[in-house]
Amino acid sequence: MKLPGHLTLLKLSYLLLAGLPLLVAALAHNRAGRGLWIELGVGLGFVGFSVLALQFALTGKFRHLSVVLGLDALLHFHRQIGLVAFGLILAHVGILSAADSNYAAFLDPRVDWMRALALWVVLGALILLIVTTYWRIPLGIPYEWWRIGHGMLALAVLSIGLAHILRVGWYVDEPWKQSIWIAGTLCAVGLLVYARVWKPYRARRRRWTVNAVRPEKGDAWTLELVPDGHEGMRFRAGQFVWLVLGDSPFSQHQHPFSISSSEHRTPELEITVKALGDFTSRIGEVEVGTHAYIDGPYGSFVLDDATEEVVCVAGGVGITPIMSILRTMRDSGREIPVTLVYGFPAPDQAILLKELEELAHETGWLDLVRLAEYAEPDWTGERGLVTPEFLDRHLPPEAPGLRYFICGPDPMMDGVESYLSSKGVPLERVRSERFNIA
Ligand SMILES: Cc1cc2nc3c(=O)[nH]c(=O)nc-3n(C[C@H](O)[C@H](O)[C@H](O)COP(=O)(O)OP(=O)(O)OC[C@H]3O[C@@H](n4cnc5c(N)ncnc54)[C@H](O)[C@@H]3O)c2cc1C
């Protein structure tokens, strides 16, 4: 197994980098100690700063990380560890202020207004980062504006934080130590520039064109994209891309979509989009010939070689990455048994259902369980929601070669994940793709 090795390495690297400032501080340090509380306060500040700097690596735009960890796990960790960093910085301020009034004076504008202003800006920016991240939707902040603001606030915190560390200078007196702090911070900023400037810049030379726009059931549209003068992109069925439509790859309107087409039908790519909000509701109006830019592929929602049997549970538009997996299996002749539980509001809103029914009819390996929340009396499929009893009735017996793929609305995914956990299915055999990364 490759993944656990990578995962352990990533965790170790993270811990090492987060603790690196303490190591650098301890090396070649000749000044006298200042007592437990002050040293603790300073240490927490150092680790808080490095955790903040590491946040720039966790934004979901690094392919290797997203393949090993999955986008939702990565962003979940990014959010949670952001709170930890905030706690560390608060503890740094609180402990030092309580331990020695000279430190409390750092925040007093009457002593040094520039220093106090800068430090208050950092604290304010950290609070804003957290409030707007956790309450973006209730606050009504559009995703694109939030994304720009989040990057700018993070940059402000990091640059003022570095200036503060260098200016105080304790533990950072030698030029080599200062160089490490500056280089580390520049690396973090570089990651942001890489994701938001360099990647779109490079994408200019790998433009795509919308070749067809097909309406689907359930207020969805399939976009077929073809590479414009390049060889296209290799991906694994189940992965997703970040899509920009229009003439500039620098647009802030960049959205993630799973590829719904087969790995074997390249260089064309298809994505199937359900009209939900500002961007997706206009997909049906996109004209053939529109330019597009694709960043990807990302994600770990893919079959591995050890898979002997597959269970998929999809809800609504969550069928898209699973469709890619099934189409790829069909095209490659990899005929392992698949049980697909597909839930939708009503049969006439079930995205790609007809093709799935044909696939189940034509091949011997797909067992399709159609589950409509509401249906006419003549409906021959199942009715209701995905419940533990329903899964008990329809899923095959648990076995080591079985892999589970879940994609759909959050409540459905939470329910299926806890069902599998209650059945003792190990996490590494469950792949989840959450479309809601708010
Ligand atoms: C890995 C992944 C794969 C996805 N695959 C598909 C798919 O195959 N088909 C499909 O129809 N949908 C898919 N989605 C969901 C799709 O990305 C969102 O529905 C879309 O971005 C919403 O944008 P909007 O402006 O139409 O909606 P809005 O109403 O403006 O936004 C709805 C919510 O979508 C999220 N969102 C909005 N803009 C962005 C953005 N630029 N980047 C990230 N999230 C954003 C926010 O949480 C927002 O609150 C996927 C999402 C993820 C994370």
# chains A, B, ... in the order shown; residues from 1 in each chain; ligands from 1
$ residues_around --residues "A:Gly48" --least-positions-apart "3" --cutoff "6 Å" --atoms "only C-alpha atoms" --output "PyMOL selection string"
chain A and resi 44-45+51+85+88-89
$ write_last_selection --atoms "N, CA and C atoms" --output "PDB file, in the first residue's frame"
ATOM      1  N   LEU A  44       5.244  29.597  22.070  1.00  0.00           N
ATOM      2  CA  LEU A  44       3.910  29.436  21.474  1.00  0.00           C
ATOM      3  C   LEU A  44       3.738  30.381  20.278  1.00  0.00           C
ATOM      4  N   GLY A  45       4.280  31.580  20.431  1.00  0.00           N
ATOM      5  CA  GLY A  45       4.203  32.547  19.330  1.00  0.00           C
ATOM      6  C   GLY A  45       4.938  32.027  18.101  1.00  0.00           C
ATOM      7  N   VAL A  51       2.734  27.598  12.078  1.00  0.00           N
ATOM      8  CA  VAL A  51       1.487  26.930  11.666  1.00  0.00           C
ATOM      9  C   VAL A  51       0.740  27.824  10.669  1.00  0.00           C
ATOM     10  N   ALA A  85      -3.831  27.816  15.406  1.00  0.00           N
ATOM     11  CA  ALA A  85      -2.827  28.887  15.250  1.00  0.00           C
ATOM     12  C   ALA A  85      -3.307  30.152  15.954  1.00  0.00           C
ATOM     13  N   LEU A  88      -2.808  29.758  19.574  1.00  0.00           N
ATOM     14  CA  LEU A  88      -1.388  29.873  19.955  1.00  0.00           C
ATOM     15  C   LEU A  88      -0.961  31.346  20.012  1.00  0.00           C
ATOM     16  N   ILE A  89      -1.417  32.128  19.024  1.00  0.00           N
ATOM     17  CA  ILE A  89      -1.030  33.553  18.998  1.00  0.00           C
ATOM     18  C   ILE A  89      -1.673  34.277  20.195  1.00  0.00           C
TER      19      ILE A  89
END
$ residues_around --residues "stretch 153-170 of chain A" --least-positions-apart "2" --cutoff "8 Å" --atoms "only C-alpha atoms" --output "list in words"
Phe49, Leu52, Ala53, Ala118, Leu119, Val121, Val122, Ala125, Leu126, Leu129, Gly149, His150, Gly151, Val172, Asp173, Gln178, Trp181, Ile182, Thr185 and Val189 of chain A
$ atom_distance --atom1 "atom CA of A:Ile130" --atom2 "atom CA of A:Arg79"
8.4 Å
$ residues_near_ligand --ligand "ligand 1" --cutoff "9 Å" --atoms "only C-alpha atoms and all ligand atoms" --output "mmCIF file with N, CA and C atoms, in the first residue's frame"
data_model
loop_
_atom_site.group_PDB
_atom_site.id
_atom_site.type_symbol
_atom_site.label_atom_id
_atom_site.label_comp_id
_atom_site.auth_asym_id
_atom_site.auth_seq_id
_atom_site.Cartn_x
_atom_site.Cartn_y
_atom_site.Cartn_z
ATOM 1 N N GLY A 70 -7.109 14.026 -0.089
ATOM 2 C CA GLY A 70 -8.478 14.382 -0.506
ATOM 3 C C GLY A 70 -8.733 15.842 -0.163
ATOM 4 N N LEU A 71 -9.449 16.531 -1.057
ATOM 5 C CA LEU A 71 -9.642 17.980 -0.891
ATOM 6 C C LEU A 71 -10.378 18.325 0.395
ATOM 7 N N ASP A 72 -11.463 17.566 0.692
ATOM 8 C CA ASP A 72 -12.258 17.975 1.863
ATOM 9 C C ASP A 72 -11.486 17.777 3.161
ATOM 10 N N ARG A 136 -19.025 32.630 6.598
ATOM 11 C CA ARG A 136 -19.112 33.301 5.297
ATOM 12 C C ARG A 136 -20.532 33.276 4.749
ATOM 13 N N ILE A 137 -21.189 32.120 4.813
ATOM 14 C CA ILE A 137 -22.512 32.005 4.182
ATOM 15 C C ILE A 137 -23.550 32.849 4.931
ATOM 16 N N GLY A 140 -23.258 36.305 4.137
ATOM 17 C CA GLY A 140 -23.596 36.629 2.745
ATOM 18 C C GLY A 140 -22.393 37.098 1.923
ATOM 19 N N ILE A 141 -21.194 36.617 2.268
ATOM 20 C CA ILE A 141 -20.011 37.041 1.506
ATOM 21 C C ILE A 141 -19.836 36.118 0.300
ATOM 22 N N PRO A 142 -19.850 36.658 -0.933
ATOM 23 C CA PRO A 142 -19.667 35.778 -2.099
ATOM 24 C C PRO A 142 -18.308 35.079 -2.039
ATOM 25 N N TYR A 143 -18.282 33.830 -2.490
ATOM 26 C CA TYR A 143 -17.072 33.007 -2.393
ATOM 27 C C TYR A 143 -15.849 33.714 -2.991
ATOM 28 N N GLU A 144 -16.035 34.326 -4.164
ATOM 29 C CA GLU A 144 -14.900 34.932 -4.865
ATOM 30 C C GLU A 144 -14.278 36.057 -4.043
ATOM 31 N N ARG A 147 -12.439 34.706 -1.085
ATOM 32 C CA ARG A 147 -11.156 34.102 -1.452
ATOM 33 C C ARG A 147 -10.066 35.170 -1.587
ATOM 34 N N ALA A 220 -29.452 20.092 -14.953
ATOM 35 C CA ALA A 220 -28.002 19.951 -15.095
ATOM 36 C C ALA A 220 -27.617 20.065 -16.564
ATOM 37 N N TRP A 221 -26.351 20.341 -16.779
ATOM 38 C CA TRP A 221 -25.822 20.481 -18.133
ATOM 39 C C TRP A 221 -24.492 19.759 -18.202
ATOM 40 N N GLN A 239 -11.579 11.904 -10.430
ATOM 41 C CA GLN A 239 -10.896 13.137 -10.014
ATOM 42 C C GLN A 239 -11.674 14.365 -10.477
ATOM 43 N N PHE A 240 -11.249 15.521 -9.983
ATOM 44 C CA PHE A 240 -11.929 16.760 -10.353
ATOM 45 C C PHE A 240 -10.933 17.806 -10.820
ATOM 46 N N VAL A 241 -11.474 18.868 -11.439
ATOM 47 C CA VAL A 241 -10.628 19.968 -11.929
ATOM 48 C C VAL A 241 -11.214 21.294 -11.436
ATOM 49 N N TRP A 242 -10.384 22.325 -11.436
ATOM 50 C CA TRP A 242 -10.875 23.689 -11.213
ATOM 51 C C TRP A 242 -11.077 24.295 -12.587
ATOM 52 N N LEU A 243 -12.270 24.829 -12.822
ATOM 53 C CA LEU A 243 -12.622 25.324 -14.153
ATOM 54 C C LEU A 243 -12.834 26.831 -14.147
ATOM 55 N N GLN A 252 -11.411 35.189 -10.991
ATOM 56 C CA GLN A 252 -11.676 34.691 -9.635
ATOM 57 C C GLN A 252 -12.818 33.679 -9.644
ATOM 58 N N HIS A 253 -13.549 33.603 -10.771
ATOM 59 C CA HIS A 253 -14.673 32.655 -10.861
ATOM 60 C C HIS A 253 -14.152 31.274 -11.257
ATOM 61 N N GLN A 254 -13.427 30.676 -10.348
ATOM 62 C CA GLN A 254 -12.842 29.370 -10.618
ATOM 63 C C GLN A 254 -13.566 28.355 -9.725
ATOM 64 N N HIS A 255 -14.174 27.345 -10.339
ATOM 65 C CA HIS A 255 -15.022 26.417 -9.569
ATOM 66 C C HIS A 255 -14.558 24.975 -9.750
ATOM 67 N N PRO A 256 -14.684 24.167 -8.690
ATOM 68 C CA PRO A 256 -14.299 22.756 -8.817
ATOM 69 C C PRO A 256 -15.436 21.893 -9.391
ATOM 70 N N PHE A 257 -15.100 21.037 -10.345
ATOM 71 C CA PHE A 257 -16.090 20.105 -10.899
ATOM 72 C C PHE A 257 -15.430 18.752 -11.151
ATOM 73 N N SER A 258 -16.139 17.698 -10.815
ATOM 74 C CA SER A 258 -15.634 16.352 -11.102
ATOM 75 C C SER A 258 -15.722 16.095 -12.597
ATOM 76 N N ILE A 259 -14.760 15.361 -13.099
ATOM 77 C CA ILE A 259 -14.831 14.958 -14.507
ATOM 78 C C ILE A 259 -15.843 13.820 -14.564
ATOM 79 N N SER A 260 -16.782 13.890 -15.517
ATOM 80 C CA SER A 260 -17.778 12.816 -15.573
ATOM 81 C C SER A 260 -17.496 11.848 -16.718
ATOM 82 N N ILE A 271 -17.739 17.562 -18.085
ATOM 83 C CA ILE A 271 -18.169 17.787 -16.703
ATOM 84 C C ILE A 271 -19.682 17.981 -16.748
ATOM 85 N N THR A 272 -20.344 17.538 -15.706
ATOM 86 C CA THR A 272 -21.801 17.681 -15.649
ATOM 87 C C THR A 272 -22.127 18.533 -14.435
ATOM 88 N N VAL A 273 -22.819 19.631 -14.702
ATOM 89 C CA VAL A 273 -22.972 20.663 -13.679
ATOM 90 C C VAL A 273 -24.443 20.863 -13.354
ATOM 91 N N LYS A 274 -24.763 20.859 -12.076
ATOM 92 C CA LYS A 274 -26.146 21.118 -11.669
ATOM 93 C C LYS A 274 -26.294 22.595 -11.335
ATOM 94 N N ALA A 275 -27.367 23.206 -11.854
ATOM 95 C CA ALA A 275 -27.601 24.631 -11.601
ATOM 96 C C ALA A 275 -28.007 24.817 -10.141
ATOM 97 N N LEU A 276 -27.140 25.494 -9.399
ATOM 98 C CA LEU A 276 -27.411 25.693 -7.972
ATOM 99 C C LEU A 276 -27.286 27.154 -7.558
ATOM 100 N N GLY A 277 -26.257 27.826 -8.070
ATOM 101 C CA GLY A 277 -26.008 29.205 -7.624
ATOM 102 C C GLY A 277 -25.640 30.100 -8.786
ATOM 103 N N ASP A 278 -24.939 31.205 -8.491
ATOM 104 C CA ASP A 278 -24.633 32.231 -9.496
ATOM 105 C C ASP A 278 -23.983 31.651 -10.751
ATOM 106 N N PHE A 279 -22.908 30.921 -10.549
ATOM 107 C CA PHE A 279 -22.109 30.438 -11.678
ATOM 108 C C PHE A 279 -22.789 29.259 -12.363
ATOM 109 N N THR A 280 -23.207 28.293 -11.569
ATOM 110 C CA THR A 280 -23.740 27.059 -12.150
ATOM 111 C C THR A 280 -25.085 27.289 -12.852
ATOM 112 N N SER A 281 -25.842 28.290 -12.402
ATOM 113 C CA SER A 281 -27.150 28.535 -13.036
ATOM 114 C C SER A 281 -26.992 29.089 -14.453
ATOM 115 N N ARG A 282 -25.794 29.592 -14.774
ATOM 116 C CA ARG A 282 -25.602 30.157 -16.117
ATOM 117 C C ARG A 282 -24.897 29.192 -17.069
ATOM 118 N N ILE A 283 -24.633 27.968 -16.585
ATOM 119 C CA ILE A 283 -23.889 27.012 -17.418
ATOM 120 C C ILE A 283 -24.634 26.710 -18.721
ATOM 121 N N TYR A 298 -7.222 16.832 -9.668
ATOM 122 C CA TYR A 298 -7.030 16.749 -8.232
ATOM 123 C C TYR A 298 -7.887 15.628 -7.663
ATOM 124 N N GLY A 299 -7.539 15.214 -6.440
ATOM 125 C CA GLY A 299 -8.440 14.356 -5.688
ATOM 126 C C GLY A 299 -8.033 12.899 -5.611
ATOM 127 N N VAL A 317 -26.359 15.246 -7.875
ATOM 128 C CA VAL A 317 -25.247 15.524 -8.789
ATOM 129 C C VAL A 317 -23.964 14.813 -8.350
ATOM 130 N N GLY A 318 -23.994 14.225 -7.156
ATOM 131 C CA GLY A 318 -22.862 13.424 -6.676
ATOM 132 C C GLY A 318 -22.609 12.193 -7.543
ATOM 133 N N ILE A 319 -23.448 11.967 -8.527
ATOM 134 C CA ILE A 319 -23.249 10.838 -9.439
ATOM 135 C C ILE A 319 -22.071 11.106 -10.399
ATOM 136 N N THR A 320 -21.665 12.388 -10.560
ATOM 137 C CA THR A 320 -20.707 12.708 -11.639
ATOM 138 C C THR A 320 -19.362 11.978 -11.546
ATOM 139 N N PRO A 321 -18.666 11.999 -10.385
ATOM 140 C CA PRO A 321 -17.375 11.283 -10.373
ATOM 141 C C PRO A 321 -17.575 9.772 -10.499
ATOM 142 N N GLU A 433 -16.283 12.117 -1.484
ATOM 143 C CA GLU A 433 -16.036 13.386 -2.180
ATOM 144 C C GLU A 433 -17.150 14.334 -1.790
ATOM 145 N N ARG A 434 -16.786 15.389 -1.082
ATOM 146 C CA ARG A 434 -17.809 16.371 -0.669
ATOM 147 C C ARG A 434 -17.773 17.562 -1.610
ATOM 148 N N PHE A 435 -18.931 17.876 -2.170
ATOM 149 C CA PHE A 435 -19.015 19.021 -3.079
ATOM 150 C C PHE A 435 -19.141 20.321 -2.298
ATOM 151 N N ASN A 436 -19.580 20.192 -1.051
ATOM 152 C CA ASN A 436 -19.758 21.400 -0.249
ATOM 153 C C ASN A 436 -18.497 21.621 0.587
ATOM 154 N N ILE A 437 -17.655 22.545 0.121
ATOM 155 C CA ILE A 437 -16.417 22.792 0.873
ATOM 156 C C ILE A 437 -16.479 24.152 1.538
ATOM 157 N N ALA A 438 -17.707 24.652 1.765
ATOM 158 C CA ALA A 438 -17.852 25.988 2.361
ATOM 159 C C ALA A 438 -17.250 26.009 3.754
#
$ closest_residue --among "A:Ser422, A:Pro377, A:Gly316, A:Phe301" --to "A:Arg403" --atoms "only C-alpha atoms"
A:Phe301
$ closest_residue --among "A:Leu269, A:Leu7, A:Leu353, A:Val341" --to "A:Ser66" --atoms "only C-alpha atoms"
A:Leu7
$ residues_around --residues "A:Leu385" --least-positions-apart "4" --cutoff "8 Å" --atoms "only C-alpha atoms" --output "PyMOL selection string"
chain A and resi 343+371-373
$ select_by_dssp --residues "stretch 58-197 of chain A" --states "alpha helix (DSSP H)" --output "PyMOL selection string"
chain A and resi 63-69+71-99+101-104+113-134+136-139+143-168+175-193
$ write_last_selection --atoms "C-alpha atoms" --output "mmCIF file, in the first residue's frame"
data_model
loop_
_atom_site.group_PDB
_atom_site.id
_atom_site.type_symbol
_atom_site.label_atom_id
_atom_site.label_comp_id
_atom_site.auth_asym_id
_atom_site.auth_seq_id
_atom_site.Cartn_x
_atom_site.Cartn_y
_atom_site.Cartn_z
ATOM 1 C CA ARG A 63 -2.080 18.106 -6.595
ATOM 2 C CA HIS A 64 0.028 15.673 -4.601
ATOM 3 C CA LEU A 65 -1.535 16.712 -1.291
ATOM 4 C CA SER A 66 -5.058 16.478 -2.704
ATOM 5 C CA VAL A 67 -4.332 13.006 -4.107
ATOM 6 C CA VAL A 68 -2.981 11.655 -0.810
ATOM 7 C CA LEU A 69 -5.425 13.385 1.534
ATOM 8 C CA LEU A 71 -9.642 17.980 -0.891
ATOM 9 C CA ASP A 72 -12.258 17.975 1.863
ATOM 10 C CA ALA A 73 -9.891 16.457 4.460
ATOM 11 C CA LEU A 74 -7.239 18.986 3.462
ATOM 12 C CA LEU A 75 -9.568 21.970 3.744
ATOM 13 C CA HIS A 76 -11.083 20.632 6.960
ATOM 14 C CA PHE A 77 -7.605 20.415 8.472
ATOM 15 C CA HIS A 78 -6.761 23.897 7.111
ATOM 16 C CA ARG A 79 -9.814 25.309 8.903
ATOM 17 C CA GLN A 80 -9.286 23.479 12.202
ATOM 18 C CA ILE A 81 -5.566 24.137 12.408
ATOM 19 C CA GLY A 82 -6.281 27.817 11.656
ATOM 20 C CA LEU A 83 -8.163 27.918 14.970
ATOM 21 C CA VAL A 84 -5.206 26.261 16.685
ATOM 22 C CA ALA A 85 -2.827 28.887 15.250
ATOM 23 C CA PHE A 86 -5.153 31.654 16.438
ATOM 24 C CA GLY A 87 -5.200 30.061 19.916
ATOM 25 C CA LEU A 88 -1.388 29.873 19.955
ATOM 26 C CA ILE A 89 -1.030 33.553 18.998
ATOM 27 C CA LEU A 90 -3.604 34.579 21.639
ATOM 28 C CA ALA A 91 -1.783 32.478 24.240
ATOM 29 C CA HIS A 92 1.491 34.142 23.160
ATOM 30 C CA VAL A 93 -0.003 37.606 23.718
ATOM 31 C CA GLY A 94 -1.873 36.654 26.913
ATOM 32 C CA ILE A 95 0.986 34.819 28.642
ATOM 33 C CA LEU A 96 3.619 37.453 27.830
ATOM 34 C CA SER A 97 1.333 40.343 28.862
ATOM 35 C CA ALA A 98 0.509 38.628 32.150
ATOM 36 C CA ALA A 99 4.126 37.652 32.843
ATOM 37 C CA SER A 101 4.149 44.524 31.913
ATOM 38 C CA ASN A 102 6.874 45.439 29.379
ATOM 39 C CA TYR A 103 5.237 42.986 26.996
ATOM 40 C CA ALA A 104 1.743 44.292 27.708
ATOM 41 C CA TRP A 113 1.913 53.705 18.234
ATOM 42 C CA MET A 114 3.308 52.097 15.082
ATOM 43 C CA ARG A 115 4.183 48.856 16.810
ATOM 44 C CA ALA A 116 0.855 48.775 18.670
ATOM 45 C CA LEU A 117 -1.109 49.490 15.474
ATOM 46 C CA ALA A 118 0.704 46.715 13.590
ATOM 47 C CA LEU A 119 0.029 44.180 16.348
ATOM 48 C CA TRP A 120 -3.623 45.186 16.668
ATOM 49 C CA VAL A 121 -3.941 44.837 12.883
ATOM 50 C CA VAL A 122 -2.610 41.265 13.159
ATOM 51 C CA LEU A 123 -5.074 40.382 15.906
ATOM 52 C CA GLY A 124 -7.946 42.023 14.004
ATOM 53 C CA ALA A 125 -6.950 40.273 10.778
ATOM 54 C CA LEU A 126 -6.822 36.884 12.539
ATOM 55 C CA ILE A 127 -10.294 37.429 13.989
ATOM 56 C CA LEU A 128 -11.597 38.490 10.567
ATOM 57 C CA LEU A 129 -10.013 35.416 8.943
ATOM 58 C CA ILE A 130 -11.806 33.133 11.361
ATOM 59 C CA VAL A 131 -15.177 34.906 11.385
ATOM 60 C CA THR A 132 -15.364 35.140 7.590
ATOM 61 C CA THR A 133 -14.266 31.533 7.135
ATOM 62 C CA TYR A 134 -16.695 29.982 9.606
ATOM 63 C CA ARG A 136 -19.112 33.301 5.297
ATOM 64 C CA ILE A 137 -22.512 32.005 4.182
ATOM 65 C CA PRO A 138 -24.650 33.574 6.978
ATOM 66 C CA LEU A 139 -22.709 36.812 6.442
ATOM 67 C CA TYR A 143 -17.072 33.007 -2.393
ATOM 68 C CA GLU A 144 -14.900 34.932 -4.865
ATOM 69 C CA TRP A 145 -14.641 38.019 -2.622
ATOM 70 C CA TRP A 146 -13.996 35.858 0.385
ATOM 71 C CA ARG A 147 -11.156 34.102 -1.452
ATOM 72 C CA ILE A 148 -9.438 37.375 -2.391
ATOM 73 C CA GLY A 149 -9.885 38.822 1.119
ATOM 74 C CA HIS A 150 -8.698 35.617 2.784
ATOM 75 C CA GLY A 151 -5.430 35.668 0.820
ATOM 76 C CA MET A 152 -4.822 39.362 1.539
ATOM 77 C CA LEU A 153 -5.529 39.071 5.269
ATOM 78 C CA ALA A 154 -3.272 36.031 5.510
ATOM 79 C CA LEU A 155 -0.471 37.923 3.731
ATOM 80 C CA ALA A 156 -0.869 40.880 6.113
ATOM 81 C CA VAL A 157 -0.683 38.617 9.176
ATOM 82 C CA LEU A 158 2.403 36.840 7.903
ATOM 83 C CA SER A 159 4.358 39.950 6.898
ATOM 84 C CA ILE A 160 3.611 41.862 10.096
ATOM 85 C CA GLY A 161 4.344 38.715 12.106
ATOM 86 C CA LEU A 162 7.754 38.373 10.465
ATOM 87 C CA ALA A 163 8.561 42.052 11.011
ATOM 88 C CA HIS A 164 7.593 41.646 14.687
ATOM 89 C CA ILE A 165 9.829 38.595 15.141
ATOM 90 C CA LEU A 166 12.811 40.268 13.462
ATOM 91 C CA ARG A 167 12.314 43.523 15.347
ATOM 92 C CA VAL A 168 12.089 41.880 18.777
ATOM 93 C CA PRO A 175 22.000 36.658 10.375
ATOM 94 C CA TRP A 176 21.652 32.946 9.546
ATOM 95 C CA LYS A 177 18.634 32.698 11.839
ATOM 96 C CA GLN A 178 17.101 35.813 10.329
ATOM 97 C CA SER A 179 17.689 34.328 6.881
ATOM 98 C CA ILE A 180 15.825 31.143 7.856
ATOM 99 C CA TRP A 181 12.836 33.168 9.101
ATOM 100 C CA ILE A 182 12.789 35.330 5.982
ATOM 101 C CA ALA A 183 13.244 32.345 3.649
ATOM 102 C CA GLY A 184 10.467 30.375 5.405
ATOM 103 C CA THR A 185 8.060 33.290 5.119
ATOM 104 C CA LEU A 186 8.970 33.870 1.478
ATOM 105 C CA CYS A 187 8.314 30.184 0.771
ATOM 106 C CA ALA A 188 4.821 30.528 2.262
ATOM 107 C CA VAL A 189 4.117 33.670 0.217
ATOM 108 C CA GLY A 190 5.619 31.909 -2.800
ATOM 109 C CA LEU A 191 3.047 29.110 -2.426
ATOM 110 C CA LEU A 192 0.247 31.663 -2.638
ATOM 111 C CA VAL A 193 1.826 33.350 -5.665
#
$ closest_residue --among "A:Pro215, A:Gly333, A:Pro21, A:Pro347" --to "A:Gly381" --atoms "only C-alpha atoms"
A:Pro347
$ atom_distance --atom1 "atom CA of A:Val310" --atom2 "atom CA of A:Glu268"
26.2 Å
$ select_by_dssp --residues "stretch 342-435 of chain A" --states "strand (DSSP E)" --output "ChimeraX atom specification"
/A:342-344,366-372,382-383,402-407,430-433
$ closest_residue --among "A:Thr339, A:Ser262, A:Ser432, A:Thr222" --to "A:Trp365" --atoms "only C-alpha atoms"
A:Thr339
$ closest_residue --among "A:Tyr194, A:Val369, A:Val24, A:Tyr171" --to "A:Thr59" --atoms "only C-alpha atoms"
A:Tyr194
$ closest_residue --among "A:Met233, A:Met323, A:Val338, A:Ala375" --to "A:Gly296" --atoms "only C-alpha atoms"
A:Met233
$ residues_around --residues "A:Arg202" --least-positions-apart "6" --cutoff "12 Å" --atoms "only C-alpha atoms" --output "CSV table (one decimal) with all heavy atoms, in the first residue's frame"
chain,number,residue,atom,x,y,z
A,194,TYR,N,2.3,31.1,-6.3
A,194,TYR,CA,2.3,29.9,-7.2
A,194,TYR,C,0.9,29.5,-7.6
A,194,TYR,O,0.5,29.4,-8.8
A,194,TYR,CB,3.0,28.7,-6.6
A,194,TYR,CG,2.9,27.4,-7.3
A,194,TYR,CD1,3.6,27.1,-8.4
A,194,TYR,CD2,2.0,26.4,-6.8
A,194,TYR,CE1,3.4,25.9,-9.1
A,194,TYR,CE2,1.9,25.2,-7.4
A,194,TYR,CZ,2.6,25.0,-8.6
A,194,TYR,OH,2.4,23.8,-9.2
A,195,ALA,N,0.0,29.4,-6.6
A,195,ALA,CA,-1.4,29.0,-6.8
A,195,ALA,C,-2.2,30.0,-7.5
A,195,ALA,O,-3.0,29.7,-8.4
A,195,ALA,CB,-2.0,28.6,-5.5
A,196,ARG,N,-2.0,31.3,-7.2
A,196,ARG,CA,-2.9,32.3,-7.7
A,196,ARG,C,-2.4,33.1,-8.9
A,196,ARG,O,-3.1,33.8,-9.6
A,196,ARG,CB,-3.3,33.3,-6.6
A,196,ARG,CG,-3.9,32.6,-5.4
A,196,ARG,CD,-5.2,33.2,-5.0
A,196,ARG,NE,-5.7,32.5,-3.8
A,196,ARG,CZ,-6.3,33.1,-2.8
A,196,ARG,NH1,-6.5,34.4,-2.8
A,196,ARG,NH2,-6.8,32.4,-1.8
A,248,SER,N,-9.8,34.8,-19.6
A,248,SER,CA,-8.7,34.9,-18.8
A,248,SER,C,-8.6,33.9,-17.7
A,248,SER,O,-9.5,33.6,-16.9
A,248,SER,CB,-8.7,36.3,-18.1
A,248,SER,OG,-7.8,36.3,-17.0
A,249,PRO,N,-7.4,33.2,-17.6
A,249,PRO,CA,-7.3,32.2,-16.6
A,249,PRO,C,-7.1,32.8,-15.2
A,249,PRO,O,-7.2,32.1,-14.2
A,249,PRO,CB,-6.0,31.4,-17.0
A,249,PRO,CG,-5.2,32.4,-17.8
A,249,PRO,CD,-6.2,33.3,-18.5
A,250,PHE,N,-7.0,34.1,-15.1
A,250,PHE,CA,-6.8,34.8,-13.8
A,250,PHE,C,-8.2,35.1,-13.2
A,250,PHE,O,-8.2,35.7,-12.1
A,250,PHE,CB,-6.1,36.1,-14.0
A,250,PHE,CG,-4.6,35.8,-14.3
A,250,PHE,CD1,-4.2,35.9,-15.6
A,250,PHE,CD2,-3.7,35.5,-13.3
A,250,PHE,CE1,-2.8,35.6,-15.9
A,250,PHE,CE2,-2.4,35.3,-13.6
A,250,PHE,CZ,-1.9,35.3,-14.9
A,293,TYR,N,-10.3,27.3,-19.0
A,293,TYR,CA,-9.0,27.0,-18.5
A,293,TYR,C,-9.2,25.9,-17.4
A,293,TYR,O,-10.1,26.1,-16.5
A,293,TYR,CB,-8.2,28.2,-17.9
A,293,TYR,CG,-7.9,29.2,-19.0
A,293,TYR,CD1,-8.8,30.2,-19.4
A,293,TYR,CD2,-6.8,29.0,-19.8
A,293,TYR,CE1,-8.6,31.0,-20.5
A,293,TYR,CE2,-6.5,29.9,-20.8
A,293,TYR,CZ,-7.4,30.8,-21.2
A,293,TYR,OH,-7.1,31.7,-22.2
A,294,ILE,N,-8.3,24.9,-17.4
A,294,ILE,CA,-8.5,23.8,-16.4
A,294,ILE,C,-7.3,23.6,-15.6
A,294,ILE,O,-6.2,23.6,-16.1
A,294,ILE,CB,-8.8,22.5,-17.2
A,294,ILE,CG1,-10.2,22.6,-17.8
A,294,ILE,CG2,-8.7,21.3,-16.3
A,294,ILE,CD1,-10.6,21.4,-18.6
A,295,ASP,N,-7.5,23.6,-14.3
A,295,ASP,CA,-6.4,23.3,-13.4
A,295,ASP,C,-6.7,21.9,-12.7
A,295,ASP,O,-7.7,21.8,-12.1
A,295,ASP,CB,-6.3,24.4,-12.3
A,295,ASP,CG,-5.2,24.1,-11.3
A,295,ASP,OD1,-4.3,23.3,-11.6
A,295,ASP,OD2,-5.2,24.8,-10.3
